[in-house]
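The structure file upload15.cif is reproduced below (mmCIF, C-alpha atoms).
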data_data
#
loop_
_atom_site.label_atom_id
_atom_site.label_comp_id
_atom_site.auth_asym_id
_atom_site.auth_seq_id
_atom_site.Cartn_x
_atom_site.Cartn_y
_atom_site.Cartn_z
CA MET A 1 -25.24 6.61 -10.67
CA ARG A 2 -28.32 5.49 -12.58
CA HIS A 3 -29.00 9.08 -13.63
CA PHE A 4 -25.46 9.44 -14.93
CA ARG A 5 -25.50 5.97 -16.51
CA HIS A 6 -22.10 5.48 -14.93
CA ASP A 7 -20.50 2.07 -14.52
CA LYS A 8 -17.67 3.18 -12.24
CA ARG A 9 -17.69 5.25 -9.06
CA GLY A 10 -15.33 6.06 -6.21
CA TRP A 11 -12.78 8.67 -5.24
CA VAL A 12 -9.44 9.33 -6.89
CA ILE A 13 -6.84 9.51 -4.10
CA TYR A 14 -3.57 11.41 -4.59
CA ARG A 15 -0.54 10.71 -2.44
CA THR A 16 1.60 13.78 -1.77
CA ALA A 17 3.66 12.33 1.11
CA TYR A 18 6.48 9.91 0.28
CA GLY A 19 8.47 9.49 3.46
CA ASP A 20 6.81 6.24 4.58
CA ASP A 21 5.86 3.58 2.03
CA GLU A 22 4.63 1.22 4.74
CA ALA A 23 2.17 3.84 5.99
CA TRP A 24 0.85 4.35 2.46
CA GLU A 25 0.24 0.63 2.02
CA ARG A 26 -1.52 0.47 5.39
CA PHE A 27 -3.64 3.46 4.44
CA LYS A 28 -4.75 1.82 1.19
CA GLN A 29 -5.59 -1.40 3.02
CA ASN A 30 -7.64 0.56 5.55
CA VAL A 31 -9.66 2.27 2.82
CA ILE A 32 -10.35 -0.99 1.03
CA GLU A 33 -11.20 -2.88 4.22
CA ARG A 34 -13.62 -0.21 5.47
CA SER A 35 -15.36 -0.20 2.10
CA ARG A 36 -15.54 -3.99 2.04
CA ARG A 37 -17.17 -4.06 5.48
CA ARG A 38 -19.69 -1.40 4.50
CA LEU A 39 -20.63 -3.09 1.23
CA ALA A 40 -21.00 -6.45 2.97
CA LYS A 41 -23.88 -5.16 5.09
CA PRO A 42 -27.41 -6.37 4.31
CA GLY A 43 -29.37 -4.36 1.79
CA VAL A 44 -26.41 -3.06 -0.22
CA PRO A 45 -27.12 -3.65 -3.94
CA PRO A 46 -24.51 -5.92 -5.54
CA GLU A 47 -24.12 -3.52 -8.47
CA LEU A 48 -22.86 -0.89 -6.01
CA ALA A 49 -20.02 -3.14 -4.92
CA ASP A 50 -19.23 -4.06 -8.51
CA ALA A 51 -18.98 -0.42 -9.59
CA LEU A 52 -16.92 0.87 -6.67
CA GLU A 53 -13.26 1.56 -7.36
CA TRP A 54 -10.81 3.64 -5.37
CA THR A 55 -8.11 4.98 -7.69
CA PHE A 56 -4.82 5.49 -5.83
CA VAL A 57 -2.32 7.80 -7.53
CA SER A 58 1.30 7.69 -6.39
CA ASP A 59 3.85 9.70 -8.39
CA ARG A 60 6.77 10.87 -6.31
CA ALA A 61 8.45 12.78 -9.13
CA THR A 62 5.55 15.19 -9.60
CA LEU A 63 3.46 15.00 -6.41
CA GLU A 64 5.89 14.85 -3.49
CA GLY A 65 5.13 17.73 -1.14
CA ALA A 66 2.58 19.17 -3.57
CA SER A 67 0.05 21.72 -2.39
CA VAL A 68 -3.65 21.35 -3.14
CA ASP A 69 -3.36 23.19 -6.46
CA GLN A 70 -0.92 20.84 -8.19
CA PRO A 71 -3.02 17.66 -7.94
CA ARG A 72 -6.10 19.78 -8.67
CA HIS A 73 -4.79 20.71 -12.12
CA ARG A 74 -3.77 17.11 -12.73
CA PHE A 75 -7.16 15.84 -11.61
CA ARG A 76 -9.03 18.19 -13.94
CA ASP A 77 -7.07 16.95 -16.94
CA TRP A 78 -7.66 13.35 -15.88
CA ALA A 79 -11.40 13.87 -15.34
CA ILE A 80 -11.93 15.20 -18.86
CA ARG A 81 -10.42 12.05 -20.36
CA ALA A 82 -11.80 9.60 -17.79
CA ARG A 83 -15.43 10.61 -18.27
CA LYS A 84 -15.19 9.26 -21.80
CA THR A 85 -13.12 6.13 -21.17
CA GLU A 86 -14.62 5.00 -17.85
CA GLN A 87 -18.29 5.62 -18.63
CA PRO A 88 -18.98 4.32 -22.14
CA ARG A 89 -22.75 4.21 -21.55
CA ALA A 90 -22.98 7.86 -20.49
CA PRO A 91 -24.09 10.36 -23.16
CA ALA A 92 -20.98 12.05 -24.53
CA ASP A 93 -22.52 15.52 -24.46
CA VAL A 94 -23.99 15.36 -20.95
CA ASP A 95 -21.83 16.57 -18.06
CA ARG A 96 -24.61 16.62 -15.46
CA ASP A 97 -27.53 14.39 -14.61
CA TRP A 98 -31.23 15.25 -14.86
CA ASN A 99 -31.27 17.51 -11.79
CA GLY A 100 -27.96 19.27 -12.43
CA GLU A 101 -25.63 17.22 -10.26
CA ARG A 102 -22.17 16.12 -11.31
CA SER A 103 -20.68 12.77 -10.45
CA PRO A 104 -18.50 13.08 -7.32
CA ARG A 105 -15.83 10.98 -9.05
CA TYR A 106 -15.10 13.84 -11.43
CA SER A 107 -15.91 16.75 -9.10
CA PHE A 108 -13.77 16.00 -6.02
CA PHE A 109 -10.64 14.10 -5.10
CA ILE A 110 -8.79 13.03 -1.97
CA GLN A 111 -5.33 14.36 -1.10
CA VAL A 112 -3.23 12.47 1.44
CA ASP A 113 -0.46 14.65 2.84
CA GLU A 114 2.26 13.79 5.36
CA GLU A 115 0.31 14.51 8.52
CA GLY A 116 -2.90 12.98 7.28
CA LEU A 117 -1.16 9.84 6.06
CA HIS A 118 0.15 8.90 9.48
CA THR A 119 -3.12 9.61 11.27
CA ALA A 120 -5.10 7.52 8.77
CA ALA A 121 -2.62 4.69 8.28
CA TYR A 122 -2.38 3.71 11.93
CA ALA A 123 -6.02 4.25 12.85
CA ASP A 124 -8.29 1.79 14.62
CA LEU A 125 -10.65 0.37 11.98
CA SER A 126 -13.22 -0.49 14.63
CA ASP A 127 -13.40 3.09 15.90
CA PRO A 128 -14.69 5.76 13.47
CA PHE A 129 -13.50 8.48 15.85
CA ASP A 130 -9.94 7.19 15.54
CA SER A 131 -9.78 7.09 11.76
CA GLY A 132 -7.38 9.96 11.13
CA TRP A 133 -8.05 12.49 8.40
CA VAL A 134 -7.45 13.32 4.74
CA ASN A 135 -8.22 16.32 2.53
CA LEU A 136 -11.26 16.46 0.27
CA VAL A 137 -10.53 18.86 -2.59
CA ARG A 138 -13.03 20.40 -4.97
CA ALA A 139 -11.91 20.28 -8.61
CA ASP A 140 -13.37 23.70 -9.35
CA GLU A 141 -11.49 26.32 -7.37
CA ASP A 142 -14.50 28.63 -7.33
CA ILE A 143 -18.22 27.92 -7.25
CA ASP A 144 -21.05 30.41 -7.13
CA SER A 145 -21.85 30.22 -3.44
CA SER A 146 -24.37 33.05 -3.79
CA ARG A 147 -26.87 30.67 -5.41
CA ASN A 148 -28.43 27.58 -3.95
CA SER A 149 -29.56 24.44 -5.80
CA ALA A 150 -32.80 26.16 -6.85
CA GLY A 151 -30.81 28.95 -8.49
CA LEU A 152 -31.90 31.50 -5.89
CA ILE A 153 -29.63 34.13 -4.41
CA ASP A 154 -28.47 33.31 -0.91
CA GLU A 155 -28.40 36.53 1.07
CA THR A 156 -26.39 35.01 3.91
CA GLU A 157 -23.17 36.94 4.41
CA HIS A 158 -20.07 34.98 5.26
CA GLY A 159 -17.31 36.55 7.27
CA GLU A 160 -13.66 36.23 6.34
CA GLU A 161 -13.31 33.41 8.81
CA ASP A 162 -15.69 31.33 6.65
CA GLU A 163 -13.90 31.98 3.36
CA ASP A 164 -14.00 28.89 1.17
CA GLU A 165 -10.54 27.38 0.68
CA GLY A 166 -11.77 24.87 -1.91
CA TRP A 167 -10.82 21.93 0.31
CA MET A 168 -11.59 20.58 3.74
CA MET A 169 -10.22 18.07 6.19
CA ILE A 170 -12.50 15.05 6.54
CA ALA A 171 -12.34 12.02 8.81
CA ALA A 172 -10.60 9.25 6.87
CA TYR A 173 -13.45 6.79 7.40
CA MET A 174 -15.54 9.07 5.16
CA ILE A 175 -13.62 7.70 2.17
CA GLY A 176 -16.49 5.34 1.56
CA PRO A 177 -19.75 4.87 -0.33
CA ASP A 178 -21.95 6.72 2.17
CA PHE A 179 -20.25 10.11 2.02
CA TYR A 180 -19.60 9.63 -1.69
CA ASP A 181 -23.36 9.50 -2.20
CA ALA A 182 -24.01 12.36 0.22
CA ILE A 183 -21.96 15.04 -1.48
CA ASP A 184 -22.46 16.48 -4.94
CA GLN A 185 -21.50 19.60 -6.91
CA TRP A 186 -24.33 21.86 -5.76
CA PRO A 187 -22.87 24.79 -3.78
CA ASP A 188 -25.35 24.36 -0.95
CA THR A 189 -24.33 20.72 -0.51
CA TRP A 190 -20.63 21.61 -0.39
CA TYR A 191 -21.29 24.28 2.22
CA ALA A 192 -23.52 21.97 4.23
CA PHE A 193 -20.36 19.99 4.99
CA TYR A 194 -17.71 22.66 4.62
CA THR A 195 -15.58 23.62 7.60
CA PRO A 196 -12.52 25.82 7.00
CA PRO A 197 -9.24 24.01 7.73
CA PRO A 198 -7.94 23.09 10.24
CA GLY A 199 -11.46 22.22 11.36
CA LEU A 200 -12.33 18.55 10.86
CA VAL A 201 -15.52 17.38 9.14
CA VAL A 202 -17.16 14.26 10.58
CA TYR A 203 -20.18 12.73 8.82
#

Take the structure from the file and write it as structure tokens.
Amino acid sequence: MRHFRHDKRGWVIYRTAYGDDEAWERFKQNVIERSRRRLAKPGVPPELADALEWTFVSDRATLEGASVDQPRHRFRDWAIRARKTEQPRAPADVDRDWNGERSPRYSFFIQVDEEGLHTAAYADLSDPFDSGWVNLVRADEDIDSSRNSAGLIDETEHGEEDEDEGWMMIAAYMIGPDFYDAIDQWPDTWYAFYTPPPGLVVY
């Protein structure tokens, strides 16, 4: 965040399931409570807690039952505007930091669909293995997976079973500051975590 000179961080979370408002409210409370507990631990800089913001987007008219692509297009449009309005200290002409990384806030978003909502809303907050799941979606549909972060060609051949879908299922407890800091826009970082759906990523 210091490299980006960003004052705000945190995932944007899109709701695409609208059959249970109570579950949605419980889900939001779970996300906020897990983050609060993590940030309350010793050694966490106070500026991290001050900058963290989870942006929950609920729009039944346009997002109900939406696939990954619909919120992706919406997120891209939002990210272009938000970079300017949310981060007034960031240089206007700089999209990446000094080593080429993009801010996760504008590179990925969370999608909560019907099945994921119910697993995550009624999870046990004290048990990370009972947290349910959500979808982490990459804003860019395609990235050059043939090059690693050093710009070198990766000769590894991926079979069809490893084809990148542009999103993955992650444990819901990963909606937090630790995984947010762990993932960035480099292709090799994405693929370090990537598991084709319906496989579940646990970090």

- prompt: From the set A:Asn135, A:Tyr203, A:Arg72, A:Ala17, which residue has the shortest atom-to-atom contact distance to Ile183 (chain A), counting only C-alpha atoms?
  reply: A:Tyr203

field: Best match for closeness to Asp69 (chain A) among A:Phe109, A:Trp190, A:Pro197, A:His118, counting all atoms listed in the file
entry: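 Of A:Phe109, A:Trp190, A:Pro197, A:His118, the one nearest Asp69 (chain A), counting all atoms listed in the file, is A:Phe109.
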
query: With all atoms listed in the file as the basis for distance, which of A:Val44, A:Ala61, A:Ile80, A:Val202 is at the shortest distance from Val134 (chain A)?
result: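 Smallest separation from Val134 (chain A) among the options: A:Val202.
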
task: Output the residue selection produced by the PyMOL selection byres ((chain A and resi 36) around 12) on the file above, formatted as a PyMOL selection string.
output: chain A and resi 29-35+37-41+44+46+48-50+52-54+125+175-177

- request: Skip Asp20 (chain A) itself and residues of its chain fewer than 6 positions away, then list as a PyMOL selection string all residues within 12 Å of it, counting only C-alpha atoms.
  value: chain A and resi 26-27+60+64+113-115+117-118+121

Just to be explicit: take each residue in the selection above, keep C-alpha atoms, and write the result as a PDB file, in the coordinates of the input.
ATOM      1  CA  ARG A  26      -1.520   0.470   5.390  1.00  0.00           C
ATOM      2  CA  PHE A  27      -3.640   3.460   4.440  1.00  0.00           C
ATOM      3  CA  ARG A  60       6.770  10.870  -6.310  1.00  0.00           C
ATOM      4  CA  GLU A  64       5.890  14.850  -3.490  1.00  0.00           C
ATOM      5  CA  ASP A 113      -0.460  14.650   2.840  1.00  0.00           C
ATOM      6  CA  GLU A 114       2.260  13.790   5.360  1.00  0.00           C
ATOM      7  CA  GLU A 115       0.310  14.510   8.520  1.00  0.00           C
ATOM      8  CA  LEU A 117      -1.160   9.840   6.060  1.00  0.00           C
ATOM      9  CA  HIS A 118       0.150   8.900   9.480  1.00  0.00           C
ATOM     10  CA  ALA A 121      -2.620   4.690   8.280  1.00  0.00           C
TER      11      ALA A 121
END

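Distances to Val201 (chain A) were evaluated for A:Trp133, A:Trp24, A:Ile110, A:Arg138 using all atoms listed in the file, and the minimum falls at A:Trp133.
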
Selection dump of the PyMOL selection byres ((chain A and resi 129) around 9), as a CSV table (one decimal) with C-alpha atoms, in the frame of the given file:
chain,number,residue,atom,x,y,z
A,124,ASP,CA,-8.3,1.8,14.6
A,127,ASP,CA,-13.4,3.1,15.9
A,128,PRO,CA,-14.7,5.8,13.5
A,130,ASP,CA,-9.9,7.2,15.5
A,131,SER,CA,-9.8,7.1,11.8
A,132,GLY,CA,-7.4,10.0,11.1
A,171,ALA,CA,-12.3,12.0,8.8
A,173,TYR,CA,-13.4,6.8,7.4
A,202,VAL,CA,-17.2,14.3,10.6

statement: Students should find that CA of Phe193 (chain A) and CA of Tyr18 (chain A) are spaced 29.1 Å

Could region 1-32 of chain A be completed with N, CA and C atoms and written as a PDB file, keeping the file's coordinate frame, please?
ATOM      1  N   MET A   1     -26.001   7.281  -9.624  1.00  0.00           N
ATOM      2  CA  MET A   1     -25.240   6.610 -10.670  1.00  0.00           C
ATOM      3  C   MET A   1     -26.143   6.213 -11.820  1.00  0.00           C
ATOM      4  N   ARG A   2     -27.398   5.845 -11.515  1.00  0.00           N
ATOM      5  CA  ARG A   2     -28.320   5.490 -12.580  1.00  0.00           C
ATOM      6  C   ARG A   2     -28.606   6.684 -13.472  1.00  0.00           C
ATOM      7  N   HIS A   3     -28.721   7.889 -12.846  1.00  0.00           N
ATOM      8  CA  HIS A   3     -29.000   9.080 -13.630  1.00  0.00           C
ATOM      9  C   HIS A   3     -27.851   9.378 -14.584  1.00  0.00           C
ATOM     10  N   PHE A   4     -26.623   9.171 -14.106  1.00  0.00           N
ATOM     11  CA  PHE A   4     -25.460   9.440 -14.930  1.00  0.00           C
ATOM     12  C   PHE A   4     -25.210   8.339 -15.958  1.00  0.00           C
ATOM     13  N   ARG A   5     -25.807   7.167 -15.731  1.00  0.00           N
ATOM     14  CA  ARG A   5     -25.500   5.970 -16.510  1.00  0.00           C
ATOM     15  C   ARG A   5     -24.011   5.653 -16.415  1.00  0.00           C
ATOM     16  N   HIS A   6     -23.505   5.735 -15.191  1.00  0.00           N
ATOM     17  CA  HIS A   6     -22.100   5.480 -14.930  1.00  0.00           C
ATOM     18  C   HIS A   6     -21.900   4.050 -14.436  1.00  0.00           C
ATOM     19  N   ASP A   7     -20.832   3.426 -14.911  1.00  0.00           N
ATOM     20  CA  ASP A   7     -20.500   2.070 -14.520  1.00  0.00           C
ATOM     21  C   ASP A   7     -19.401   2.020 -13.466  1.00  0.00           C
ATOM     22  N   LYS A   8     -18.766   3.146 -13.204  1.00  0.00           N
ATOM     23  CA  LYS A   8     -17.670   3.180 -12.240  1.00  0.00           C
ATOM     24  C   LYS A   8     -17.856   4.384 -11.325  1.00  0.00           C
ATOM     25  N   ARG A   9     -17.572   4.185 -10.047  1.00  0.00           N
ATOM     26  CA  ARG A   9     -17.690   5.250  -9.060  1.00  0.00           C
ATOM     27  C   ARG A   9     -16.599   5.084  -8.024  1.00  0.00           C
ATOM     28  N   GLY A  10     -16.364   6.121  -7.245  1.00  0.00           N
ATOM     29  CA  GLY A  10     -15.330   6.060  -6.210  1.00  0.00           C
ATOM     30  C   GLY A  10     -14.335   7.194  -6.353  1.00  0.00           C
ATOM     31  N   TRP A  11     -13.715   7.552  -5.240  1.00  0.00           N
ATOM     32  CA  TRP A  11     -12.780   8.670  -5.240  1.00  0.00           C
ATOM     33  C   TRP A  11     -11.459   8.340  -5.939  1.00  0.00           C
ATOM     34  N   VAL A  12     -10.837   9.386  -6.460  1.00  0.00           N
ATOM     35  CA  VAL A  12      -9.440   9.330  -6.890  1.00  0.00           C
ATOM     36  C   VAL A  12      -8.620   9.900  -5.732  1.00  0.00           C
ATOM     37  N   ILE A  13      -7.583   9.175  -5.319  1.00  0.00           N
ATOM     38  CA  ILE A  13      -6.840   9.510  -4.100  1.00  0.00           C
ATOM     39  C   ILE A  13      -5.376   9.770  -4.460  1.00  0.00           C
ATOM     40  N   TYR A  14      -4.931  11.011  -4.243  1.00  0.00           N
ATOM     41  CA  TYR A  14      -3.570  11.410  -4.590  1.00  0.00           C
ATOM     42  C   TYR A  14      -2.671  11.393  -3.358  1.00  0.00           C
ATOM     43  N   ARG A  15      -1.555  10.745  -3.500  1.00  0.00           N
ATOM     44  CA  ARG A  15      -0.540  10.710  -2.440  1.00  0.00           C
ATOM     45  C   ARG A  15       0.451  11.841  -2.666  1.00  0.00           C
ATOM     46  N   THR A  16       0.607  12.712  -1.658  1.00  0.00           N
ATOM     47  CA  THR A  16       1.600  13.780  -1.770  1.00  0.00           C
ATOM     48  C   THR A  16       2.666  13.683  -0.686  1.00  0.00           C
ATOM     49  N   ALA A  17       2.652  12.581   0.074  1.00  0.00           N
ATOM     50  CA  ALA A  17       3.660  12.330   1.110  1.00  0.00           C
ATOM     51  C   ALA A  17       4.382  11.032   0.786  1.00  0.00           C
ATOM     52  N   TYR A  18       5.716  11.068   0.747  1.00  0.00           N
ATOM     53  CA  TYR A  18       6.480   9.910   0.280  1.00  0.00           C
ATOM     54  C   TYR A  18       7.581   9.479   1.244  1.00  0.00           C
ATOM     55  N   GLY A  19       7.445   9.852   2.498  1.00  0.00           N
ATOM     56  CA  GLY A  19       8.470   9.490   3.460  1.00  0.00           C
ATOM     57  C   GLY A  19       8.274   8.135   4.109  1.00  0.00           C
ATOM     58  N   ASP A  20       7.109   7.495   3.881  1.00  0.00           N
ATOM     59  CA  ASP A  20       6.810   6.240   4.580  1.00  0.00           C
ATOM     60  C   ASP A  20       5.950   5.361   3.679  1.00  0.00           C
ATOM     61  N   ASP A  21       6.591   4.465   2.938  1.00  0.00           N
ATOM     62  CA  ASP A  21       5.860   3.580   2.030  1.00  0.00           C
ATOM     63  C   ASP A  21       4.967   2.601   2.786  1.00  0.00           C
ATOM     64  N   GLU A  22       5.431   2.156   3.954  1.00  0.00           N
ATOM     65  CA  GLU A  22       4.630   1.220   4.740  1.00  0.00           C
ATOM     66  C   GLU A  22       3.321   1.869   5.180  1.00  0.00           C
ATOM     67  N   ALA A  23       3.381   3.134   5.582  1.00  0.00           N
ATOM     68  CA  ALA A  23       2.170   3.840   5.990  1.00  0.00           C
ATOM     69  C   ALA A  23       1.199   3.976   4.824  1.00  0.00           C
ATOM     70  N   TRP A  24       1.713   4.229   3.640  1.00  0.00           N
ATOM     71  CA  TRP A  24       0.850   4.350   2.460  1.00  0.00           C
ATOM     72  C   TRP A  24       0.139   3.033   2.167  1.00  0.00           C
ATOM     73  N   GLU A  25       0.857   1.928   2.261  1.00  0.00           N
ATOM     74  CA  GLU A  25       0.240   0.630   2.020  1.00  0.00           C
ATOM     75  C   GLU A  25      -0.822   0.327   3.078  1.00  0.00           C
ATOM     76  N   ARG A  26      -0.534   0.667   4.317  1.00  0.00           N
ATOM     77  CA  ARG A  26      -1.520   0.470   5.390  1.00  0.00           C
ATOM     78  C   ARG A  26      -2.745   1.335   5.153  1.00  0.00           C
ATOM     79  N   PHE A  27      -2.521   2.561   4.724  1.00  0.00           N
ATOM     80  CA  PHE A  27      -3.640   3.460   4.440  1.00  0.00           C
ATOM     81  C   PHE A  27      -4.542   2.877   3.355  1.00  0.00           C
ATOM     82  N   LYS A  28      -3.958   2.400   2.274  1.00  0.00           N
ATOM     83  CA  LYS A  28      -4.750   1.820   1.190  1.00  0.00           C
ATOM     84  C   LYS A  28      -5.539   0.609   1.683  1.00  0.00           C
ATOM     85  N   GLN A  29      -4.901  -0.228   2.473  1.00  0.00           N
ATOM     86  CA  GLN A  29      -5.590  -1.400   3.020  1.00  0.00           C
ATOM     87  C   GLN A  29      -6.757  -0.987   3.899  1.00  0.00           C
ATOM     88  N   ASN A  30      -6.566   0.072   4.689  1.00  0.00           N
ATOM     89  CA  ASN A  30      -7.640   0.560   5.550  1.00  0.00           C
ATOM     90  C   ASN A  30      -8.844   1.027   4.734  1.00  0.00           C
ATOM     91  N   VAL A  31      -8.578   1.778   3.673  1.00  0.00           N
ATOM     92  CA  VAL A  31      -9.660   2.270   2.820  1.00  0.00           C
ATOM     93  C   VAL A  31     -10.430   1.110   2.214  1.00  0.00           C
ATOM     94  N   ILE A  32      -9.712   0.153   1.678  1.00  0.00           N
ATOM     95  CA  ILE A  32     -10.350  -0.990   1.030  1.00  0.00           C
ATOM     96  C   ILE A  32     -11.119  -1.836   2.034  1.00  0.00           C
TER      97      ILE A  32
END
